[in-house]
Each structure stands twice: as C-alpha cells, then as structure tokens.
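Reading through the structure tokens given below for one structure.
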Amino acid sequence: MKKLICITGGDGVGKSTLVDALLQQIPDVYEADIWDLLKSPTESLPFQSKRQIDDFLCALTPDSRLLFLGHALIWSIDTAMASDKSIILLNSYYYKYFATELALGADLALVHALGERFPRPDLVIHLDLALREAVKRKKVLSRYECGLSDKPSPESFLTFQAKALAQWEQFDQKDWHHLDARLSPEELQEKSLDIIRAALES
C-alpha cells in the first residue's frame, strides 16, 4: 500500500522548496505535482511557459477552470500511483487549488464533489506564513495568484490571498500538522522528516 504524504499551504510559503529537499532525503519516493501534466512533453498541451498557462487559466470561467485543474491533479495522482514507488509526495494537492478556486467563484458543491474523487493523504503537513511574509518571497507574481488581475502586484496578491485563505476552512484539518514557515529551510526539513518518519513507522 502506497503512503500519501502531502505538503501544502498558500502561495509563497515554500512548499516546493520543502518538497525538493524532502525528495533528496526520503527513499523510494515519487512527487505528484499539478505541473506534471501542464508541462508534460508527451501530453501535447499547447503550453510553452508558465506565463502561457497563467493566461489560459485566467481566460476560463470559474467552474471550467476548476475542472481543468482537477483533471491535471488527478492525472498527476494516477501517474504517481502507477509508479513502482512506495511513497507519493503530494506538492500542494487539491487543497491549495480548490481554496483558490472557491475564492474565484467556483461552485462549492462541485468543489466538494471533486474533492471526494481524490485519495485522502496519510499525512498532511501545512506550512503557515503571514501573507505579507509570503509576498516578499515571490520573485514573480502571476495573474492567477493575484485574483486574475491584469496587473499583478503585491497589493493584489495580498487582497486576493486573504480571500483564498478564508476558504481553507472548507477542508477537514483535524489531523494536519502545521509548521511555521518562518523557520529556516533546514529546520523545516528536519521537523518535516521527523513527522514523516513517525507516520511511516506507525
């Protein structure tokens, strides 16, 4: 039975940095990421850059965008589950994207219905970081993470991300582990590894 470990949180909290570090420390692991499909050279999607993906997402209606992102996420999970790895490391997972889509006007019933399609992780680590700290970490702001703004800015990021943050209450976080993303990358990695090792041994 494969173990599903999820690293999640809002934009700019350091999810991918932590995932990249954990991939070097955890044996027999496969990363599942929404970008697996969006950047796949074998799936014939017409995207040459993240900017093109950003523009495409901003052109969709809320529910059509939700379904598109759900498709990409499920593809990444199905691909990971078909691998010979025993541990699947989920980068962001549907929590981050569905919270964003709810803030953009997606139908709540559809979000819950799609959420039922995804396997429940064995472990969720959520990185917590104040929005003003998160925006400082962003070298480039996308329209998508700024609420589809035509001119992404720190102000539009903060305004929209506050709305997205409020939507995380839609997810059952009872057994989640919350880590302070202000910790150094080394401290976050070590604390995460301790949590993961304990989960794998249980």
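Letters A, B, ... mark the chains of the structure tokens in the order given; residue numbers begin at 1 per chain; ligand numbers begin at 1, in order shown.
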
Selection: 12 Å around Arg120 in chain A, only C-alpha atoms, excl. self and same-chain fewer than 6 positions, as a compact mmCIF listing (two decimals) with N, CA and C atoms, in the first residue's frame:
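Writing the result to result-v5.txt gives the following:
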# COMPACT_ATOMS: atom_id res chain seq x y z
N LYS A 2 0.67 2.11 -0.96
CA LYS A 2 1.46 3.34 -1.04
C LYS A 2 1.05 4.31 0.05
N LYS A 3 2.02 5.06 0.55
CA LYS A 3 1.76 6.09 1.53
C LYS A 3 1.69 7.44 0.82
N LEU A 4 0.66 8.22 1.12
CA LEU A 4 0.50 9.53 0.51
C LEU A 4 0.82 10.61 1.54
N ILE A 5 1.85 11.40 1.25
CA ILE A 5 2.28 12.47 2.14
C ILE A 5 2.10 13.80 1.42
N CYS A 6 1.37 14.71 2.02
CA CYS A 6 1.03 15.98 1.38
C CYS A 6 1.74 17.14 2.07
N ILE A 77 -1.84 12.29 -9.91
CA ILE A 77 -2.02 11.24 -8.91
C ILE A 77 -2.03 9.87 -9.57
N ILE A 88 4.28 8.51 -2.09
CA ILE A 88 3.90 9.58 -3.01
C ILE A 88 3.92 10.89 -2.23
N LEU A 90 2.90 14.57 -2.28
CA LEU A 90 1.94 15.44 -2.95
C LEU A 90 2.31 16.90 -2.73
N TYR A 93 -1.32 19.66 -3.56
CA TYR A 93 -2.51 18.84 -3.68
C TYR A 93 -3.72 19.72 -3.99
N TYR A 94 -4.90 19.14 -3.94
CA TYR A 94 -6.07 19.90 -4.37
C TYR A 94 -6.45 20.98 -3.37
N TYR A 95 -5.98 20.88 -2.13
CA TYR A 95 -6.36 21.87 -1.11
C TYR A 95 -6.05 23.30 -1.56
N PHE A 171 -11.86 22.53 4.32
CA PHE A 171 -11.19 21.24 4.39
C PHE A 171 -11.05 20.78 5.84
N ASP A 172 -11.21 19.49 6.04
CA ASP A 172 -11.06 18.90 7.38
C ASP A 172 -9.57 18.86 7.72
N GLN A 173 -9.15 19.71 8.65
CA GLN A 173 -7.74 19.82 9.01
C GLN A 173 -7.44 19.19 10.37
N ASP A 175 -6.41 16.37 11.53
CA ASP A 175 -5.19 15.59 11.76
C ASP A 175 -3.96 16.20 11.07
N TRP A 176 -4.09 17.42 10.59
CA TRP A 176 -2.97 18.04 9.89
C TRP A 176 -1.89 18.48 10.88

Fill in: Per-residue DSSP, range 33-152 of chain A, filtered to strand (DSSP E), as an MDAnalysis selection string
chainID A and resid 87:91 123:128

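Compared by their closest atoms to Val13 in chain A, and using only C-alpha atoms, the residues A:Asp194, A:Glu133, A:Asp122, A:Asp78 rank with A:Glu133 nearest.
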
Neighbours of Lys39 in chain A within 9 Å (only C-alpha atoms; same-chain residues fewer than 6 positions away dropped), as a short mmCIF file (atom, residue, chain, number, x, y, z; two decimals) with C-alpha atoms, in the first residue's frame?
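The result, stored in selection_31.cif:
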data_model
loop_
_atom_site.label_atom_id
_atom_site.label_comp_id
_atom_site.auth_asym_id
_atom_site.auth_seq_id
_atom_site.Cartn_x
_atom_site.Cartn_y
_atom_site.Cartn_z
CA LEU A 45 -0.75 20.51 -24.31
CA PHE A 47 1.88 25.48 -23.30
CA GLN A 48 5.46 26.63 -23.70
CA SER A 49 5.78 28.55 -20.44
CA LYS A 50 4.16 29.19 -17.08
#

Practice prompt. Going by DSSP on the backbone, which bits of range 118-153 of chain A are helix (DSSP H, G or I)? Write them as a VMD selection string, please.
Written response: chain A and resid 131 to 137 144 to 146

Output of the above residues as a PDB file, in the first residue's frame, restricted to C-alpha atoms:
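Saved as part32.pdb:
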ATOM      1  CA  LEU A 131       0.625  36.871   3.749  1.00  0.00           C
ATOM      2  CA  ARG A 132       2.950  39.860   3.999  1.00  0.00           C
ATOM      3  CA  GLU A 133       5.847  37.471   4.531  1.00  0.00           C
ATOM      4  CA  ALA A 134       4.681  35.251   1.664  1.00  0.00           C
ATOM      5  CA  VAL A 135       4.548  38.069  -0.880  1.00  0.00           C
ATOM      6  CA  LYS A 136       8.119  39.081  -0.014  1.00  0.00           C
ATOM      7  CA  ARG A 137       9.257  35.631  -1.135  1.00  0.00           C
ATOM      8  CA  TYR A 144      -3.788  33.670 -11.128  1.00  0.00           C
ATOM      9  CA  GLU A 145      -2.411  34.076  -7.610  1.00  0.00           C
ATOM     10  CA  CYS A 146      -3.408  37.746  -7.679  1.00  0.00           C
TER      11      CYS A 146
END

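Around Ala72 in chain A, within 8 Å and counting only C-alpha atoms, the residues found are Ile34, Trp35, Asp36, Leu37, Leu38, Phe68 and Ser76 of chain A, once anything fewer than 4 positions away on its own chain is removed.
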
Please, could you write that set of residues out with N, CA, C and O atoms as a compact mmCIF listing (two decimals), in the first residue's frame?
# COMPACT_ATOMS: atom_id res chain seq x y z
N ILE A 34 0.79 19.25 -9.84
CA ILE A 34 -0.10 19.66 -10.92
C ILE A 34 0.67 20.00 -12.19
O ILE A 34 0.17 19.82 -13.31
N TRP A 35 1.92 20.45 -12.04
CA TRP A 35 2.73 20.81 -13.21
C TRP A 35 3.16 19.59 -14.01
O TRP A 35 3.63 19.73 -15.15
N ASP A 36 3.00 18.38 -13.46
CA ASP A 36 3.38 17.17 -14.20
C ASP A 36 2.68 17.11 -15.55
O ASP A 36 3.29 16.78 -16.57
N LEU A 37 1.40 17.42 -15.56
CA LEU A 37 0.63 17.41 -16.81
C LEU A 37 0.82 18.70 -17.59
O LEU A 37 1.03 18.69 -18.81
N LEU A 38 0.79 19.83 -16.90
CA LEU A 38 0.82 21.11 -17.60
C LEU A 38 2.14 21.35 -18.33
O LEU A 38 2.19 22.10 -19.30
N PHE A 68 -10.60 21.86 -15.10
CA PHE A 68 -9.31 21.70 -15.77
C PHE A 68 -8.21 21.39 -14.76
O PHE A 68 -7.40 20.47 -14.95
N SER A 76 -1.85 13.65 -12.34
CA SER A 76 -0.59 13.52 -11.60
C SER A 76 -0.68 12.40 -10.56
O SER A 76 0.28 11.65 -10.37
